[in-house]
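Participant: The structure under discussion is supplied below as structure tokens; questions concerning it will follow.
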Amino acid sequence: MNGSLKEVNIKYDLPTVDSAIKRITFNIRNGRASGISAVKIVHGYGSTGSGGKIRTEARRYLETQKKRGFIHDFIPGEKFSIFDDATRKAFQFCDQLRRDSDLERHNNGITIVILK
């Protein structure tokens with residue numbers, strides 16, 4: 001399966017955590033409806049004080065979505081590496097991830113979501 005990747009910046013206007021989660025939800029649903037295989041969420045890493053909360057809550061939310069079966073998996077940016085088992089499995093769903101600029105950069109300001 002070749003699949004396609006969509007990048008979404010949810011931090012551009014420093015939203016509240018609730019607004020950020022709503023944006024993630026919308027982009028997951030929209031991506032699935034559009035036939036997208038993976039969504040790269042740019043949420044920041046917390047240098048302004050608010051990104052850290054968004055990153056933490058976004059990943060907690062994604063873990064819940066994974067357990068409920070709404071998404072296949074998610075990969076924190078700091079683990080997005082060819083040496084990570086989840087990343088290698090994600091390549092099977094979305095080949096574009098192999099060429100993503102954040103691969104091997106250990107960027108904790110992003111999270112990759114693999115859709116079902």
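The way I read the labels, and the way they are meant: chains A, B, ... in the order of the structure tokens, residue 1 as the first residue of every chain, and ligand 1 as the first ligand shown, with later ones counted on from there.
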Find the spatial neighbours of Ala20 of chain A, counting only C-alpha atoms, within a cut-off of 8 Å - ignore same-chain residues fewer than 6 positions away - and output them as a compact mmCIF listing (two decimals) with N, CA, C and O atoms, in the first residue's frame.
Facilitator:
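The result, stored in result.txt:
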# COMPACT_ATOMS: atom_id res chain seq x y z
N ILE A 10 -1.13 22.55 13.80
CA ILE A 10 -2.19 22.94 14.72
C ILE A 10 -1.73 23.99 15.72
O ILE A 10 -2.52 24.46 16.51
N LYS A 11 -0.47 24.38 15.67
CA LYS A 11 0.06 25.31 16.67
C LYS A 11 0.19 26.75 16.17
O LYS A 11 0.58 27.63 16.92
N ILE A 54 -0.01 20.93 24.89
CA ILE A 54 -0.68 20.44 23.69
C ILE A 54 -0.06 19.11 23.27
O ILE A 54 -0.78 18.15 22.98
N ALA A 58 -2.26 15.86 23.31
CA ALA A 58 -2.49 15.29 21.98
C ALA A 58 -2.09 13.82 21.97
O ALA A 58 -2.83 12.97 21.46
Participant: Residues within 12 Å of Arg88 of chain A, please, as number ranges by chain. Count only C-alpha atoms; anything in the same chain fewer than 6 positions from it doesn't count.
Facilitator: A: 75, 79-82, 94-95, 97-98, 103, 114
Participant: Keeping N, CA and C atoms for every residue in the selection just given, could you write it to a file as a PDB file, in the first residue's frame?
Facilitator:
ATOM      1  N   ILE A  75       3.164   7.858  16.042  1.00  0.00           N
ATOM      2  CA  ILE A  75       4.601   7.819  16.306  1.00  0.00           C
ATOM      3  C   ILE A  75       5.039   9.196  16.794  1.00  0.00           C
ATOM      4  N   LYS A  79      10.716   9.571  18.170  1.00  0.00           N
ATOM      5  CA  LYS A  79      10.934   8.154  17.853  1.00  0.00           C
ATOM      6  C   LYS A  79      10.835   7.871  16.355  1.00  0.00           C
ATOM      7  N   PHE A  80      10.586   8.895  15.555  1.00  0.00           N
ATOM      8  CA  PHE A  80      10.391   8.740  14.107  1.00  0.00           C
ATOM      9  C   PHE A  80      11.749   8.486  13.446  1.00  0.00           C
ATOM     10  N   SER A  81      12.105   7.211  13.365  1.00  0.00           N
ATOM     11  CA  SER A  81      13.429   6.794  12.920  1.00  0.00           C
ATOM     12  C   SER A  81      13.344   5.430  12.240  1.00  0.00           C
ATOM     13  N   ILE A  82      14.230   5.191  11.309  1.00  0.00           N
ATOM     14  CA  ILE A  82      14.262   3.890  10.643  1.00  0.00           C
ATOM     15  C   ILE A  82      14.637   2.777  11.624  1.00  0.00           C
ATOM     16  N   CYS A  94       2.232   4.057   4.435  1.00  0.00           N
ATOM     17  CA  CYS A  94       2.462   5.351   3.787  1.00  0.00           C
ATOM     18  C   CYS A  94       3.929   5.475   3.393  1.00  0.00           C
ATOM     19  N   ASP A  95       4.199   5.204   2.132  1.00  0.00           N
ATOM     20  CA  ASP A  95       5.570   5.238   1.636  1.00  0.00           C
ATOM     21  C   ASP A  95       6.178   6.643   1.688  1.00  0.00           C
ATOM     22  N   LEU A  97       6.304   8.605   4.044  1.00  0.00           N
ATOM     23  CA  LEU A  97       6.999   8.817   5.313  1.00  0.00           C
ATOM     24  C   LEU A  97       8.506   8.586   5.178  1.00  0.00           C
ATOM     25  N   ARG A  98       8.906   7.732   4.253  1.00  0.00           N
ATOM     26  CA  ARG A  98      10.338   7.462   4.043  1.00  0.00           C
ATOM     27  C   ARG A  98      11.108   8.711   3.609  1.00  0.00           C
ATOM     28  N   LEU A 103      12.140  12.699   9.391  1.00  0.00           N
ATOM     29  CA  LEU A 103      12.673  11.364   9.659  1.00  0.00           C
ATOM     30  C   LEU A 103      14.121  11.503  10.129  1.00  0.00           C
ATOM     31  N   ILE A 114      -1.045   7.290  12.021  1.00  0.00           N
ATOM     32  CA  ILE A 114      -1.321   6.334  10.955  1.00  0.00           C
ATOM     33  C   ILE A 114      -2.808   6.012  11.015  1.00  0.00           C
TER      34      ILE A 114
END
Participant: Ser4 of chain A: which residues within 12 Å, counting only C-alpha atoms, same-chain residues fewer than 6 positions away excluded, as a list in words?
Facilitator: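 In the requested form, the answer reads Gly31, Arg32, Ser34, Gly35, Ile36, Ser37, Ala38, Val39, Lys40, Ala90, Phe91, Gln92, Phe93, Cys94, Asp95, Gln96, Leu97, Arg98, Arg99, Asp100, Val113, Ile114 and Leu115 of chain A.
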Participant: Could you go through segment 56-112 of chain A and tell me which residues DSSP, when run on the backbone, assigns to strand (DSSP E or B), listing them as a count of residues only?
Facilitator: 9
Participant: Give me, as a PyMOL selection string, the residues of chain A that a backbone DSSP run labels alpha helix (DSSP H).
Facilitator: chain A and resi 17-33+51-67+85-93
Participant: Of the candidates A:Tyr45, A:Tyr61, A:Tyr12, A:Phe26, which one gets nearest to Gly77 of chain A if we count only C-alpha atoms?
Facilitator: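 Of A:Tyr45, A:Tyr61, A:Tyr12, A:Phe26, the one nearest Gly77 of chain A, counting only C-alpha atoms, is A:Tyr45.
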Participant: What gap, in Å, lies between atom CA of Ile71 of chain A and atom CA of Asp13 of chain A?
Facilitator: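 Between atom CA of Ile71 of chain A and atom CA of Asp13 of chain A the gap works out to 25.9 Å.
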Participant: Counting only C-alpha atoms, which residue out of A:Ile28, A:His43, A:Leu5, A:Asp18 sits closest to His72 of chain A?
Facilitator: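 Of the candidates, the smallest distance to His72 of chain A is held by A:Ile28.
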Participant: Give the answer as one residue: which of A:Asp85, A:Lys116, A:Ser19, A:Thr56 has the shortest atom-to-atom distance to Gly44 of chain A, using only C-alpha atoms?
Facilitator: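 Using only C-alpha atoms, the shortest distance to Gly44 of chain A belongs to A:Thr56.
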Participant: Provide the atom CA of Arg59 of chain A to atom CA of Gly3 of chain A distance in Å, to one decimal place.
Facilitator: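 Taking atom CA of Arg59 of chain A and atom CA of Gly3 of chain A, their separation equals 22.7 Å.
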Participant: Between A:Thr64, A:Leu14, A:Phe83, A:Glu7, which has the minimum distance to Thr111 of chain A (counting only C-alpha atoms)?
Facilitator: A:Glu7
Participant: Mind pulling up the distance from atom CA of Lys66 of chain A to atom CA of His106 of chain A?
Facilitator: 22.0 Å
